[in-house]
>>> print(open('query_35.cif').read())   # mmCIF, C-alpha atoms (C1' of nucleotides)
data_query
#
loop_
_atom_site.label_atom_id
_atom_site.label_comp_id
_atom_site.auth_asym_id
_atom_site.auth_seq_id
_atom_site.Cartn_x
_atom_site.Cartn_y
_atom_site.Cartn_z
CA MET W 1 -117.80 -69.30 83.23
CA ALA W 2 -117.63 -73.07 83.33
CA SER W 3 -114.06 -73.04 84.52
CA THR W 4 -113.78 -72.98 88.26
CA GLN W 5 -111.61 -76.09 88.06
CA ARG W 6 -107.84 -76.17 87.73
CA ARG W 7 -105.75 -78.84 86.07
CA SER W 8 -108.30 -79.77 83.51
CA GLY W 9 -107.66 -83.50 83.60
CA GLY W 10 -104.10 -84.49 84.17
CA THR W 11 -102.72 -84.79 87.65
CA SER W 12 -99.38 -83.24 86.74
CA PRO W 13 -98.64 -79.63 87.56
CA ALA W 14 -98.36 -77.12 84.76
CA GLY W 15 -94.62 -77.41 84.20
CA ASP W 16 -94.72 -81.15 83.66
CA ARG W 17 -97.70 -80.87 81.37
CA ILE W 18 -95.99 -78.25 79.24
CA LEU W 19 -92.83 -80.32 78.94
CA ALA W 20 -94.73 -83.49 78.04
CA THR W 21 -96.77 -81.68 75.39
CA ALA W 22 -93.75 -79.91 73.95
CA SER W 23 -91.73 -83.12 73.80
CA GLN W 24 -94.45 -84.85 71.88
CA LEU W 25 -95.06 -82.03 69.42
CA PHE W 26 -91.39 -81.23 68.87
CA TYR W 27 -90.75 -84.84 67.94
CA GLU W 28 -93.88 -85.39 65.86
CA ARG W 29 -94.00 -82.14 63.93
CA GLY W 30 -90.52 -80.72 64.34
CA ILE W 31 -89.29 -77.85 66.48
CA ARG W 32 -89.73 -74.98 64.07
CA ALA W 33 -93.11 -76.24 62.95
CA THR W 34 -94.40 -76.17 66.53
CA GLY W 35 -95.34 -72.77 67.95
CA VAL W 36 -95.48 -71.91 71.61
CA ASN W 37 -99.14 -70.98 71.18
CA THR W 38 -99.95 -74.52 70.12
CA ILE W 39 -97.98 -76.01 73.00
CA ALA W 40 -99.67 -73.79 75.57
CA GLU W 41 -103.10 -74.50 74.15
CA GLN W 42 -102.55 -78.26 73.98
CA ALA W 43 -101.16 -78.31 77.52
CA ALA W 44 -104.19 -76.33 78.78
CA VAL W 45 -101.92 -73.59 80.03
CA THR W 46 -101.51 -69.92 79.20
CA LYS W 47 -98.48 -68.66 77.39
CA VAL W 48 -97.56 -66.59 80.44
CA THR W 49 -97.21 -69.76 82.51
CA LEU W 50 -95.11 -71.38 79.82
CA TYR W 51 -92.68 -68.48 79.78
CA ALA W 52 -92.61 -68.34 83.57
CA HIS W 53 -91.42 -71.94 83.59
CA PHE W 54 -89.00 -72.08 80.68
CA GLY W 55 -88.01 -68.52 79.90
CA SER W 56 -87.99 -68.91 76.13
CA LYS W 57 -88.76 -71.38 73.39
CA ASP W 58 -85.10 -72.31 73.22
CA GLY W 59 -85.20 -73.00 76.94
CA LEU W 60 -88.14 -75.29 76.40
CA VAL W 61 -86.31 -77.03 73.56
CA ALA W 62 -83.31 -77.62 75.82
CA ALA W 63 -85.54 -78.97 78.60
CA HIS W 64 -87.21 -81.26 76.08
CA LEU W 65 -83.86 -82.65 74.95
CA ARG W 66 -82.72 -83.17 78.54
CA ALA W 67 -85.92 -85.02 79.37
CA ARG W 68 -85.65 -87.12 76.24
CA ASP W 69 -82.08 -88.06 77.07
CA GLN W 70 -83.07 -89.15 80.58
CA ARG W 71 -86.07 -91.10 79.31
CA TRP W 72 -84.03 -92.95 76.72
CA TRP W 73 -81.37 -94.06 79.18
CA THR W 74 -84.04 -95.37 81.52
CA GLU W 75 -85.67 -97.36 78.75
CA LEU W 76 -82.30 -98.62 77.54
CA HIS W 77 -81.28 -99.87 80.97
CA GLU W 78 -84.59 -101.62 81.37
CA PHE W 79 -84.17 -103.23 77.99
CA LEU W 80 -80.68 -104.46 78.73
CA ALA W 81 -81.45 -105.72 82.23
CA GLY W 82 -80.54 -109.36 82.64
CA ARG W 83 -78.26 -109.52 79.59
CA THR W 84 -74.88 -110.49 80.89
CA SER W 85 -72.53 -111.15 78.00
CA ALA W 86 -71.20 -108.38 75.80
CA GLU W 87 -72.67 -109.93 72.68
CA GLU W 88 -76.09 -110.23 74.27
CA ARG W 89 -75.97 -106.63 75.37
CA LEU W 90 -74.91 -105.51 71.92
CA LYS W 91 -77.77 -107.41 70.33
CA ALA W 92 -80.22 -106.00 72.86
CA MET W 93 -79.02 -102.51 72.05
CA PHE W 94 -80.01 -102.86 68.41
CA ASP W 95 -83.23 -104.59 69.47
CA ALA W 96 -84.12 -101.65 71.68
CA TYR W 97 -83.80 -99.24 68.79
CA GLN W 98 -85.69 -101.62 66.54
CA ALA W 99 -88.54 -101.81 69.04
CA TRP W 100 -88.63 -98.05 69.06
CA ALA W 101 -88.73 -97.92 65.27
CA LEU W 102 -91.74 -100.22 65.30
CA GLU W 103 -93.78 -97.84 67.43
CA GLY W 104 -96.42 -95.70 65.80
CA GLY W 105 -95.41 -92.20 64.80
CA PHE W 106 -91.75 -93.13 64.52
CA ARG W 107 -89.82 -90.24 62.97
CA GLY W 108 -86.21 -91.27 63.54
CA CYS W 109 -83.88 -90.11 66.26
CA GLY W 110 -85.22 -87.02 67.97
CA PHE W 111 -81.74 -85.77 68.74
CA VAL W 112 -80.57 -86.02 65.14
CA ASN W 113 -83.74 -84.34 63.94
CA ALA W 114 -83.32 -81.56 66.47
CA ALA W 115 -79.70 -81.10 65.44
CA THR W 116 -80.67 -80.44 61.83
CA GLU W 117 -83.20 -77.85 62.95
CA ILE W 118 -80.80 -76.05 65.25
CA THR W 119 -78.47 -74.00 63.08
CA THR W 120 -77.04 -71.57 65.64
CA PRO W 121 -73.83 -73.07 67.05
CA ASP W 122 -74.36 -71.73 70.58
CA HIS W 123 -77.87 -73.07 71.11
CA PRO W 124 -78.09 -74.81 74.52
CA GLY W 125 -79.52 -77.87 72.83
CA ARG W 126 -76.36 -78.59 70.83
CA ALA W 127 -74.33 -79.71 73.84
CA ILE W 128 -77.13 -81.94 75.10
CA ILE W 129 -77.33 -83.69 71.73
CA SER W 130 -73.56 -84.15 71.47
CA ASP W 131 -73.37 -85.48 75.02
CA HIS W 132 -76.18 -87.91 74.39
CA LYS W 133 -74.55 -89.32 71.27
CA GLU W 134 -71.16 -89.55 72.95
CA GLY W 135 -72.84 -91.41 75.84
CA ILE W 136 -74.27 -93.98 73.46
CA ARG W 137 -70.92 -94.41 71.76
CA ARG W 138 -69.21 -94.93 75.11
CA TYR W 139 -71.85 -97.43 76.12
CA LEU W 140 -71.09 -99.44 72.98
CA GLU W 141 -67.40 -99.14 73.72
CA SER W 142 -67.94 -100.78 77.09
CA PHE W 143 -69.37 -103.80 75.28
CA ALA W 144 -66.37 -103.93 72.97
CA THR W 145 -64.00 -103.76 75.91
CA GLU W 146 -65.95 -106.45 77.71
CA ALA W 147 -65.76 -108.63 74.60
CA GLY W 148 -62.00 -108.32 74.62
CA CYS W 149 -61.57 -106.41 71.36
CA THR W 150 -58.07 -105.24 70.65
CA ASP W 151 -59.30 -101.77 69.68
CA PRO W 152 -62.63 -101.24 71.47
CA ALA W 153 -62.96 -97.61 70.42
CA GLU W 154 -62.67 -98.51 66.75
CA VAL W 155 -65.28 -101.27 66.88
CA ALA W 156 -67.60 -99.11 68.96
CA ASP W 157 -67.33 -96.33 66.37
CA GLU W 158 -68.30 -98.74 63.64
CA TRP W 159 -71.27 -100.04 65.61
CA PHE W 160 -72.30 -96.50 66.31
CA LEU W 161 -72.25 -95.56 62.64
CA LEU W 162 -74.34 -98.60 61.77
CA LEU W 163 -76.84 -97.65 64.45
CA GLU W 164 -77.10 -94.05 63.31
CA GLY W 165 -77.40 -95.01 59.68
CA ALA W 166 -80.06 -97.56 60.47
CA MET W 167 -82.12 -95.02 62.40
CA VAL W 168 -81.98 -92.45 59.62
CA THR W 169 -82.85 -95.03 57.01
CA ALA W 170 -85.60 -96.58 59.10
CA ALA W 171 -87.21 -93.17 59.41
CA LEU W 172 -87.00 -92.49 55.69
CA ARG W 173 -88.30 -95.89 54.64
CA GLN W 174 -90.74 -96.14 57.53
CA SER W 175 -89.45 -99.63 58.25
CA ALA W 176 -87.58 -101.26 61.11
CA GLU W 177 -85.73 -103.59 58.78
CA PRO W 178 -82.56 -101.46 58.56
CA LEU W 179 -82.02 -102.05 62.27
CA HIS W 180 -82.06 -105.77 61.70
CA ARG W 181 -79.47 -105.37 58.96
CA ALA W 182 -77.35 -103.13 61.14
CA ARG W 183 -77.40 -105.63 64.00
CA GLN W 184 -76.31 -108.37 61.66
CA ALA W 185 -73.43 -106.29 60.32
CA ALA W 186 -72.44 -105.28 63.85
CA LEU W 187 -72.11 -108.91 64.87
CA ARG W 188 -70.01 -109.57 61.81
CA LEU W 189 -67.69 -106.73 62.83
CA LEU W 190 -67.33 -108.23 66.31
CA PRO W 191 -64.30 -110.46 66.05
CA SER W 192 -65.06 -113.76 67.75
CA PRO W 193 -62.61 -113.59 70.63
CA SER W 194 -62.00 -117.25 71.17
CA PRO W 195 -63.69 -120.24 69.57
CA GLU W 196 -64.94 -122.30 72.48
CA MET I 1 -84.05 -44.30 38.90
CA ALA I 2 -80.61 -45.86 38.90
CA SER I 3 -81.96 -49.12 37.60
CA THR I 4 -82.24 -49.25 33.86
CA GLN I 5 -80.22 -52.43 33.85
CA ARG I 6 -81.61 -55.93 34.12
CA ARG I 7 -79.83 -59.03 35.45
CA SER I 8 -77.80 -57.21 38.01
CA GLY I 9 -74.64 -59.28 37.53
CA GLY I 10 -75.15 -62.93 36.83
CA THR I 11 -75.59 -64.11 33.30
CA SER I 12 -78.26 -66.66 34.28
CA PRO I 13 -81.92 -65.85 33.82
CA ALA I 14 -84.10 -65.29 36.84
CA GLY I 15 -85.23 -68.90 37.24
CA ASP I 16 -81.70 -70.24 37.55
CA ARG I 17 -80.75 -67.52 39.98
CA ILE I 18 -83.75 -68.26 42.18
CA LEU I 19 -83.00 -71.99 42.21
CA ALA I 20 -79.32 -71.47 43.02
CA THR I 21 -80.13 -69.08 45.86
CA ALA I 22 -82.86 -71.30 47.26
CA SER I 23 -80.64 -74.39 47.12
CA GLN I 24 -77.95 -72.65 49.07
CA LEU I 25 -80.24 -71.18 51.72
CA PHE I 26 -82.34 -74.33 52.13
CA TYR I 27 -79.19 -76.33 52.81
CA GLU I 28 -77.43 -73.78 55.00
CA ARG I 29 -80.33 -72.59 57.12
CA GLY I 30 -82.97 -75.24 56.65
CA ILE I 31 -86.16 -75.16 54.62
CA ARG I 32 -88.57 -73.86 57.22
CA ALA I 33 -86.08 -71.28 58.40
CA THR I 34 -85.81 -69.81 54.91
CA GLY I 35 -88.65 -67.59 53.77
CA VAL I 36 -89.56 -66.89 50.18
CA ASN I 37 -89.04 -63.19 50.80
CA THR I 38 -85.42 -63.82 51.69
CA ILE I 39 -84.88 -66.03 48.65
CA ALA I 40 -86.38 -63.47 46.29
CA GLU I 41 -84.41 -60.65 47.83
CA GLN I 42 -81.11 -62.56 47.74
CA ALA I 43 -81.72 -63.63 44.14
CA ALA I 44 -82.45 -60.02 43.16
CA VAL I 45 -85.89 -61.02 41.94
CA THR I 46 -89.42 -60.10 42.93
CA LYS I 47 -91.64 -62.56 44.71
CA VAL I 48 -94.02 -62.48 41.76
CA THR I 49 -91.30 -63.81 39.48
CA LEU I 50 -90.46 -66.51 42.00
CA TYR I 51 -94.06 -67.69 42.08
CA ALA I 52 -94.35 -67.49 38.30
CA HIS I 53 -91.46 -69.93 38.02
CA PHE I 54 -92.13 -72.38 40.81
CA GLY I 55 -95.77 -72.03 41.76
CA SER I 56 -95.29 -72.40 45.48
CA LYS I 57 -92.61 -72.77 48.11
CA ASP I 58 -93.11 -76.54 48.05
CA GLY I 59 -92.58 -76.46 44.31
CA LEU I 60 -89.32 -74.61 44.83
CA VAL I 61 -88.30 -77.13 47.48
CA ALA I 62 -88.97 -79.98 45.06
CA ALA I 63 -87.00 -78.24 42.31
CA HIS I 64 -84.15 -77.71 44.74
CA LEU I 65 -84.07 -81.41 45.63
CA ARG I 66 -84.17 -82.43 41.97
CA ALA I 67 -81.28 -80.10 41.17
CA ARG I 68 -79.32 -81.35 44.14
CA ASP I 69 -79.82 -84.95 43.08
CA GLN I 70 -78.58 -84.21 39.58
CA ARG I 71 -75.60 -82.24 40.85
CA TRP I 72 -74.56 -85.01 43.22
CA TRP I 73 -74.64 -87.72 40.57
CA THR I 74 -72.53 -85.58 38.28
CA GLU I 75 -69.94 -85.02 41.00
CA LEU I 76 -70.00 -88.69 41.94
CA HIS I 77 -69.39 -89.87 38.40
CA GLU I 78 -66.54 -87.43 38.04
CA PHE I 79 -65.06 -88.66 41.30
CA LEU I 80 -65.27 -92.30 40.29
CA ALA I 81 -63.97 -91.83 36.77
CA GLY I 82 -60.98 -94.02 36.11
CA ARG I 83 -61.56 -96.39 39.02
CA THR I 84 -62.03 -99.78 37.49
CA SER I 85 -62.16 -102.41 40.21
CA ALA I 86 -65.14 -102.73 42.54
CA GLU I 87 -63.01 -102.16 45.62
CA GLU I 88 -61.51 -99.01 44.17
CA ARG I 89 -64.93 -97.70 43.30
CA LEU I 90 -66.21 -98.48 46.77
CA LYS I 91 -63.30 -96.65 48.36
CA ALA I 92 -63.79 -93.68 46.04
CA MET I 93 -67.44 -93.53 47.02
CA PHE I 94 -66.57 -92.99 50.66
CA ASP I 95 -63.81 -90.61 49.64
CA ALA I 96 -66.28 -88.52 47.67
CA TYR I 97 -68.50 -88.10 50.69
CA GLN I 98 -65.49 -87.39 52.85
CA ALA I 99 -64.34 -84.67 50.48
CA TRP I 100 -67.78 -83.16 50.71
CA ALA I 101 -67.72 -83.30 54.50
CA LEU I 102 -64.46 -81.36 54.46
CA GLU I 103 -65.99 -78.43 52.59
CA GLY I 104 -66.89 -75.30 54.46
CA GLY I 105 -70.48 -75.00 55.66
CA PHE I 106 -70.97 -78.75 55.71
CA ARG I 107 -74.31 -79.54 57.36
CA GLY I 108 -74.74 -83.23 56.56
CA CYS I 109 -76.83 -84.79 53.82
CA GLY I 110 -79.24 -82.25 52.39
CA PHE I 111 -81.75 -84.97 51.53
CA VAL I 112 -81.80 -86.38 55.04
CA ASN I 113 -82.10 -82.89 56.49
CA ALA I 114 -84.94 -82.07 54.12
CA ALA I 115 -86.69 -85.32 55.00
CA THR I 116 -86.79 -84.42 58.69
CA GLU I 117 -88.29 -81.05 57.85
CA ILE I 118 -90.95 -82.43 55.56
CA THR I 119 -93.64 -83.97 57.73
CA THR I 120 -96.52 -84.21 55.27
CA PRO I 121 -96.44 -87.64 53.62
CA ASP I 122 -97.58 -86.39 50.22
CA HIS I 123 -95.04 -83.63 49.79
CA PRO I 124 -93.50 -83.83 46.28
CA GLY I 125 -90.04 -83.78 47.84
CA ARG I 126 -90.50 -87.09 49.64
CA ALA I 127 -90.35 -89.20 46.49
CA ILE I 128 -87.27 -87.36 45.22
CA ILE I 129 -85.45 -88.04 48.47
CA SER I 130 -86.44 -91.73 48.52
CA ASP I 131 -85.43 -92.17 44.90
CA HIS I 132 -82.08 -90.51 45.49
CA LYS I 133 -81.30 -92.76 48.43
CA GLU I 134 -82.42 -95.86 46.59
CA GLY I 135 -80.19 -94.82 43.68
CA ILE I 136 -77.17 -94.61 45.95
CA ARG I 137 -77.95 -98.00 47.47
CA ARG I 138 -78.30 -99.56 44.03
CA TYR I 139 -75.02 -97.99 42.96
CA LEU I 140 -73.33 -99.65 45.93
CA GLU I 141 -75.02 -102.90 45.05
CA SER I 142 -73.45 -102.80 41.59
CA PHE I 143 -70.04 -102.72 43.29
CA ALA I 144 -70.96 -105.70 45.43
CA THR I 145 -72.15 -107.63 42.41
CA GLU I 146 -69.00 -106.72 40.53
CA ALA I 147 -66.93 -107.93 43.47
CA GLY I 148 -68.64 -111.28 43.30
CA CYS I 149 -70.43 -111.16 46.64
CA THR I 150 -72.82 -114.02 47.28
CA ASP I 151 -75.51 -111.64 48.52
CA PRO I 152 -74.80 -108.24 46.93
CA ALA I 153 -77.99 -106.64 48.24
CA GLU I 154 -77.11 -107.49 51.81
CA VAL I 155 -73.58 -106.13 51.62
CA ALA I 156 -74.78 -103.01 49.80
CA ASP I 157 -77.32 -102.40 52.56
CA GLU I 158 -74.61 -102.56 55.16
CA TRP I 159 -72.38 -100.20 53.24
CA PHE I 160 -75.29 -97.86 52.80
CA LEU I 161 -76.02 -97.79 56.54
CA LEU I 162 -72.38 -97.07 57.31
CA LEU I 163 -72.42 -94.23 54.80
CA GLU I 164 -75.60 -92.70 56.18
CA GLY I 165 -74.44 -93.04 59.77
CA ALA I 166 -71.12 -91.48 58.93
CA MET I 167 -72.76 -88.49 57.25
CA VAL I 168 -75.07 -87.83 60.19
CA THR I 169 -72.23 -88.19 62.67
CA ALA I 170 -69.86 -86.08 60.60
CA ALA I 171 -72.42 -83.29 60.59
CA LEU I 172 -72.95 -83.47 64.33
CA ARG I 173 -69.27 -83.61 65.22
CA GLN I 174 -68.26 -81.26 62.41
CA SER I 175 -65.57 -83.72 61.41
CA ALA I 176 -64.88 -85.87 58.36
CA GLU I 177 -63.31 -88.62 60.46
CA PRO I 178 -66.50 -90.75 60.67
CA LEU I 179 -66.30 -91.25 56.92
CA HIS I 180 -62.81 -92.64 57.23
CA ARG I 181 -64.06 -95.05 59.89
CA ALA I 182 -67.02 -96.03 57.75
CA ARG I 183 -64.81 -96.73 54.75
CA GLN I 184 -62.59 -98.94 56.85
CA ALA I 185 -65.57 -100.90 58.19
CA ALA I 186 -67.02 -101.20 54.69
CA LEU I 187 -63.83 -102.80 53.44
CA ARG I 188 -63.89 -105.21 56.36
CA LEU I 189 -67.42 -106.21 55.41
CA LEU I 190 -66.33 -106.86 51.82
CA PRO I 191 -65.42 -110.54 51.77
CA SER I 192 -62.22 -111.01 49.82
CA PRO I 193 -63.58 -112.92 46.83
CA SER I 194 -60.57 -114.95 45.85
CA PRO I 195 -56.99 -114.73 47.07
CA GLU I 196 -54.99 -114.19 43.94
"C1'" DT C 1 -96.25 -53.34 13.76
"C1'" DA C 2 -98.62 -56.17 16.87
"C1'" DG C 3 -98.47 -59.39 20.37
"C1'" DA C 4 -96.47 -62.68 23.40
"C1'" DG C 5 -93.26 -63.42 26.98
"C1'" DT C 6 -90.56 -62.06 30.87
"C1'" DA C 7 -89.59 -59.40 34.56
"C1'" DC C 8 -90.27 -55.36 37.02
"C1'" DA C 9 -92.42 -52.40 41.38
"C1'" DT C 10 -95.65 -51.74 44.89
"C1'" DA C 11 -99.00 -52.80 47.83
"C1'" DC C 12 -101.81 -55.78 50.10
"C1'" DC C 13 -104.16 -60.21 52.24
"C1'" DG C 14 -105.07 -63.10 56.46
"C1'" DG C 15 -102.61 -65.50 59.51
"C1'" DT C 16 -98.68 -66.85 62.63
"C1'" DT C 17 -94.35 -66.03 65.07
"C1'" DT C 18 -91.97 -65.21 69.82
"C1'" DG C 19 -92.50 -62.59 73.68
"C1'" DT C 20 -94.55 -59.16 77.16
"C1'" DA C 21 -97.72 -56.21 80.04
"C1'" DT C 22 -101.51 -55.98 83.12
"C1'" DA C 23 -104.84 -57.45 86.11
"C1'" DG C 24 -107.55 -60.94 88.41
"C1'" DT C 25 -108.33 -65.63 90.70
"C1'" DT C 26 -107.45 -69.62 93.52
"C1'" DC C 27 -105.06 -72.14 96.94
"C1'" DC C 28 -102.10 -73.21 100.81
"C1'" DC C 29 -99.66 -72.00 104.83
"C1'" DA C 30 -98.22 -69.23 108.71
"C1'" DT R 1 -106.51 -63.19 108.65
"C1'" DG R 2 -103.28 -62.15 105.61
"C1'" DG R 3 -99.63 -62.89 102.27
"C1'" DG R 4 -97.35 -65.08 98.68
"C1'" DA R 5 -97.09 -68.51 95.06
"C1'" DA R 6 -99.17 -70.42 91.02
"C1'" DC R 7 -102.04 -69.83 87.64
"C1'" DT R 8 -105.63 -67.63 84.48
"C1'" DA R 9 -107.52 -64.28 81.09
"C1'" DT R 10 -106.93 -60.85 77.81
"C1'" DA R 11 -104.61 -57.90 75.02
"C1'" DC R 12 -100.89 -56.26 72.65
"C1'" DA R 13 -96.35 -55.59 70.13
"C1'" DA R 14 -93.45 -56.04 66.06
"C1'" DA R 15 -91.97 -58.93 62.94
"C1'" DC R 16 -92.52 -62.41 59.66
"C1'" DC R 17 -95.13 -66.11 56.98
"C1'" DG R 18 -96.81 -67.82 52.15
"C1'" DG R 19 -99.29 -65.96 48.54
"C1'" DT R 20 -101.82 -62.57 45.41
"C1'" DA R 21 -103.56 -58.35 42.80
"C1'" DT R 22 -102.58 -54.65 39.85
"C1'" DG R 23 -100.19 -52.33 36.65
"C1'" DT R 24 -95.73 -51.12 33.99
"C1'" DA R 25 -91.44 -51.69 31.14
"C1'" DC R 26 -88.65 -54.07 28.00
"C1'" DT R 27 -87.34 -57.52 24.28
"C1'" DC R 28 -87.94 -60.85 20.95
"C1'" DT R 29 -90.50 -62.83 17.16
"C1'" DA R 30 -94.12 -63.44 13.67
#
>>> encode(input="query_35.cif", output="structure tokens")
Amino acid sequence: MASTQRRSGGTSPAGDRILATASQLFYERGIRATGVNTIAEQAAVTKVTLYAHFGSKDGLVAAHLRARDQRWWTELHEFLAGRTSAEERLKAMFDAYQAWALEGGFRGCGFVNAATEITTPDHPGRAIISDHKEGIRRYLESFATEAGCTDPAEVADEWFLLLEGAMVTAALRQSAEPLHRARQAALRLLPSPSPE
Amino acid sequence: MASTQRRSGGTSPAGDRILATASQLFYERGIRATGVNTIAEQAAVTKVTLYAHFGSKDGLVAAHLRARDQRWWTELHEFLAGRTSAEERLKAMFDAYQAWALEGGFRGCGFVNAATEITTPDHPGRAIISDHKEGIRRYLESFATEAGCTDPAEVADEWFLLLEGAMVTAALRQSAEPLHRARQAALRLLPSPSPE
DNA sequence: TAGAGTACATACCGGTTTGTATAGTTCCCA
DNA sequence: TGGGAACTATACAAACCGGTATGTACTCTA
């Protein structure tokens, strides 16, 4: 009784609702700490529907990581829109992560967190995480190239390490300050190409 | 039958055996992924004994983190013995972490991994992790002070972020190379105090 | 010699885990 | 008018989770 309706509130079909719920819970509570029962319940969907869409929990985890990767690139491109010079883009990159760290419920990088929870080497999520991180590193490398660095890959690596370290530390300290520090160090590692 | 003996092989009493087993499994498989049944079984101890010693799983987790902290400081001091100058000590610091990353079964920093698995803010492990990290940062700061930096805290922060980023990245890529890169960047961020 | 301490074995508690089996309901489209 | 897709509801399996209750065996010390 009292349930002739479908789609209890949201306009999204079941699959989208499941993915959105799972993404949120996986990030907030961790992957292992989140059961499929909880996801299904919170998404107002039966477990049967969940399994029909994603096959297994690991499948859902992989889909979550794919969606997160896509979302982050979209946000990053929006954040960097309009910045033309390499230095401005580099600064904006750190600012984007800082803005993220300032949001409520910040728990560090979801990909790094997922990686520590995934111990099996053949889990489908592993490749998605590696690809995401390599994408970020390459993005930074494009700035270094644009800035005319003699060894762009080296500088990009260093920036990347600062970024990763800042995210981990920001999560632990529950503060966005490490990202400010990292940005500052990154600029110091950027050799001024030509004094104008 | 067939079990008149006690202490099936190790000379250590039950408590030590439990802690050693738990430390290993918590690091290798993750905290949530390791059940107390498995720990007790692997330590050749009954669950009752485990609970008599540590009270709860969280208590065992806290004890594991405390032991890990102590172990790491011991190793670090051994590694840095004999290095006198600040720069040498700084280099040795990164080398120590690199040596660790080269060991088999390397899964990144156990404290960082534990922190992502502990979501409750009042878990006894949280403070141990924070204190450990702050201790490392302060250690780095002593090098910066020794080297005569104008703002030792700032430089130490930057070194710390490089170190953390390198550990996370080394774990993900299963390579010790990020630590080499981090060391190199750290030296570049160390302003040469006075050309002799 | 008594008692405290330590560890043993076994069995159990309520609850949760991922995943499946079965059957019924609603909706859209041909 | 009928068929298929999408979804629901319920129930179950088999294992595992952290934690406890009860009672026994051994050793060391006062």
>>> atom_distance(input="query_35.cif", atom1="atom CA of W:Asp58", atom2="atom CA of I:Ser23")
26.6 Å
>>> interface_residues(input="query_35.cif", of="chain R", to="chain I", cutoff="12 Å", atoms="all atoms listed in the file", output="PyMOL selection string")
chain R and resi 16-22+25-27
>>> closest_residue(input="query_35.cif", among="W:His77, W:His64, W:Arg71, W:Arg29", to="chain I", atoms="all atoms listed in the file")
W:Arg29
>>> closest_residue(input="query_35.cif", among="C:DC13, C:DC27, C:DA21, C:DA7", to="chain I", atoms="only C-alpha atoms (C1' of nucleotides)")
C:DA7
>>> resolve_selection(input="query_35.cif", expression="the PyMOL selection byres ((chain I and resi 181) around 9)", output="PyMOL selection string")
(chain W and resi 154+157-158+161) or (chain I and resi 162+166+177-180+182-186)
>>> closest_atom_pairs(input="query_35.cif", of="chain C", to="chain W", cutoff="10 Å", atoms="only C-alpha atoms (C1' of nucleotides)", output="JSON lines")
{"residue": "C:DT16", "atom": "C1'", "partner": "W:Gly35", "partner_atom": "CA", "distance": 8.6}
{"residue": "C:DT17", "atom": "C1'", "partner": "W:Gly35", "partner_atom": "CA", "distance": 7.4}
{"residue": "C:DT18", "atom": "C1'", "partner": "W:Val36", "partner_atom": "CA", "distance": 7.8}
{"residue": "C:DG19", "atom": "C1'", "partner": "W:Ser56", "partner_atom": "CA", "distance": 8.1}
{"residue": "C:DT20", "atom": "C1'", "partner": "W:Val48", "partner_atom": "CA", "distance": 8.7}
{"residue": "C:DT25", "atom": "C1'", "partner": "W:Thr4", "partner_atom": "CA", "distance": 9.5}
{"residue": "C:DT26", "atom": "C1'", "partner": "W:Arg6", "partner_atom": "CA", "distance": 8.8}
>>> calpha_fit_rmsd(input="query_35.cif", fixed="chain I", moving="chain W")
0.1 Å
>>> atom_distance(input="query_35.cif", atom1="atom C1' of C:DA2", atom2="atom C1' of R:DC28")
12.4 Å
>>> resolve_selection(input="query_35.cif", expression="the PyMOL selection byres ((chain W and resi 14) around 9)", output="ChimeraX atom specification")
/W:7,12-13,15-19,43-45,49-50,53 /R:7
>>> atom_distance(input="query_35.cif", atom1="atom CA of W:Leu80", atom2="atom CA of I:Phe160")
27.3 Å
>>> resolve_selection(input="query_35.cif", expression="the PyMOL selection byres ((chain W and resi 134-145) around 10)", output="PyMOL selection string")
(chain W and resi 69+73+85-90+93+128-133+146-161+163+190-191) or (chain I and resi 173)
>>> write_last_selection(input="query_35.cif", atoms="C-alpha atoms", output="tab-separated table (two decimals), keeping the file's coordinate frame")
chain	number	residue	atom	x	y	z
W	69	ASP	CA	-82.08	-88.06	77.07
W	73	TRP	CA	-81.37	-94.06	79.18
W	85	SER	CA	-72.53	-111.15	78.00
W	86	ALA	CA	-71.20	-108.38	75.80
W	87	GLU	CA	-72.67	-109.93	72.68
W	88	GLU	CA	-76.09	-110.23	74.27
W	89	ARG	CA	-75.97	-106.63	75.37
W	90	LEU	CA	-74.91	-105.51	71.92
W	93	MET	CA	-79.02	-102.51	72.05
W	128	ILE	CA	-77.13	-81.94	75.10
W	129	ILE	CA	-77.33	-83.69	71.73
W	130	SER	CA	-73.56	-84.15	71.47
W	131	ASP	CA	-73.37	-85.48	75.02
W	132	HIS	CA	-76.18	-87.91	74.39
W	133	LYS	CA	-74.55	-89.32	71.27
W	146	GLU	CA	-65.95	-106.45	77.71
W	147	ALA	CA	-65.76	-108.63	74.60
W	148	GLY	CA	-62.00	-108.32	74.62
W	149	CYS	CA	-61.57	-106.41	71.36
W	150	THR	CA	-58.07	-105.24	70.65
W	151	ASP	CA	-59.30	-101.77	69.68
W	152	PRO	CA	-62.63	-101.24	71.47
W	153	ALA	CA	-62.96	-97.61	70.42
W	154	GLU	CA	-62.67	-98.51	66.75
W	155	VAL	CA	-65.28	-101.27	66.88
W	156	ALA	CA	-67.60	-99.11	68.96
W	157	ASP	CA	-67.33	-96.33	66.37
W	158	GLU	CA	-68.30	-98.74	63.64
W	159	TRP	CA	-71.27	-100.04	65.61
W	160	PHE	CA	-72.30	-96.50	66.31
W	161	LEU	CA	-72.25	-95.56	62.64
W	163	LEU	CA	-76.84	-97.65	64.45
W	190	LEU	CA	-67.33	-108.23	66.31
W	191	PRO	CA	-64.30	-110.46	66.05
I	173	ARG	CA	-69.27	-83.61	65.22
>>> closest_residue(input="query_35.cif", among="W:Leu102, W:Val61, W:Ala67, W:Ala33", to="chain I", atoms="all atoms listed in the file")
W:Ala33
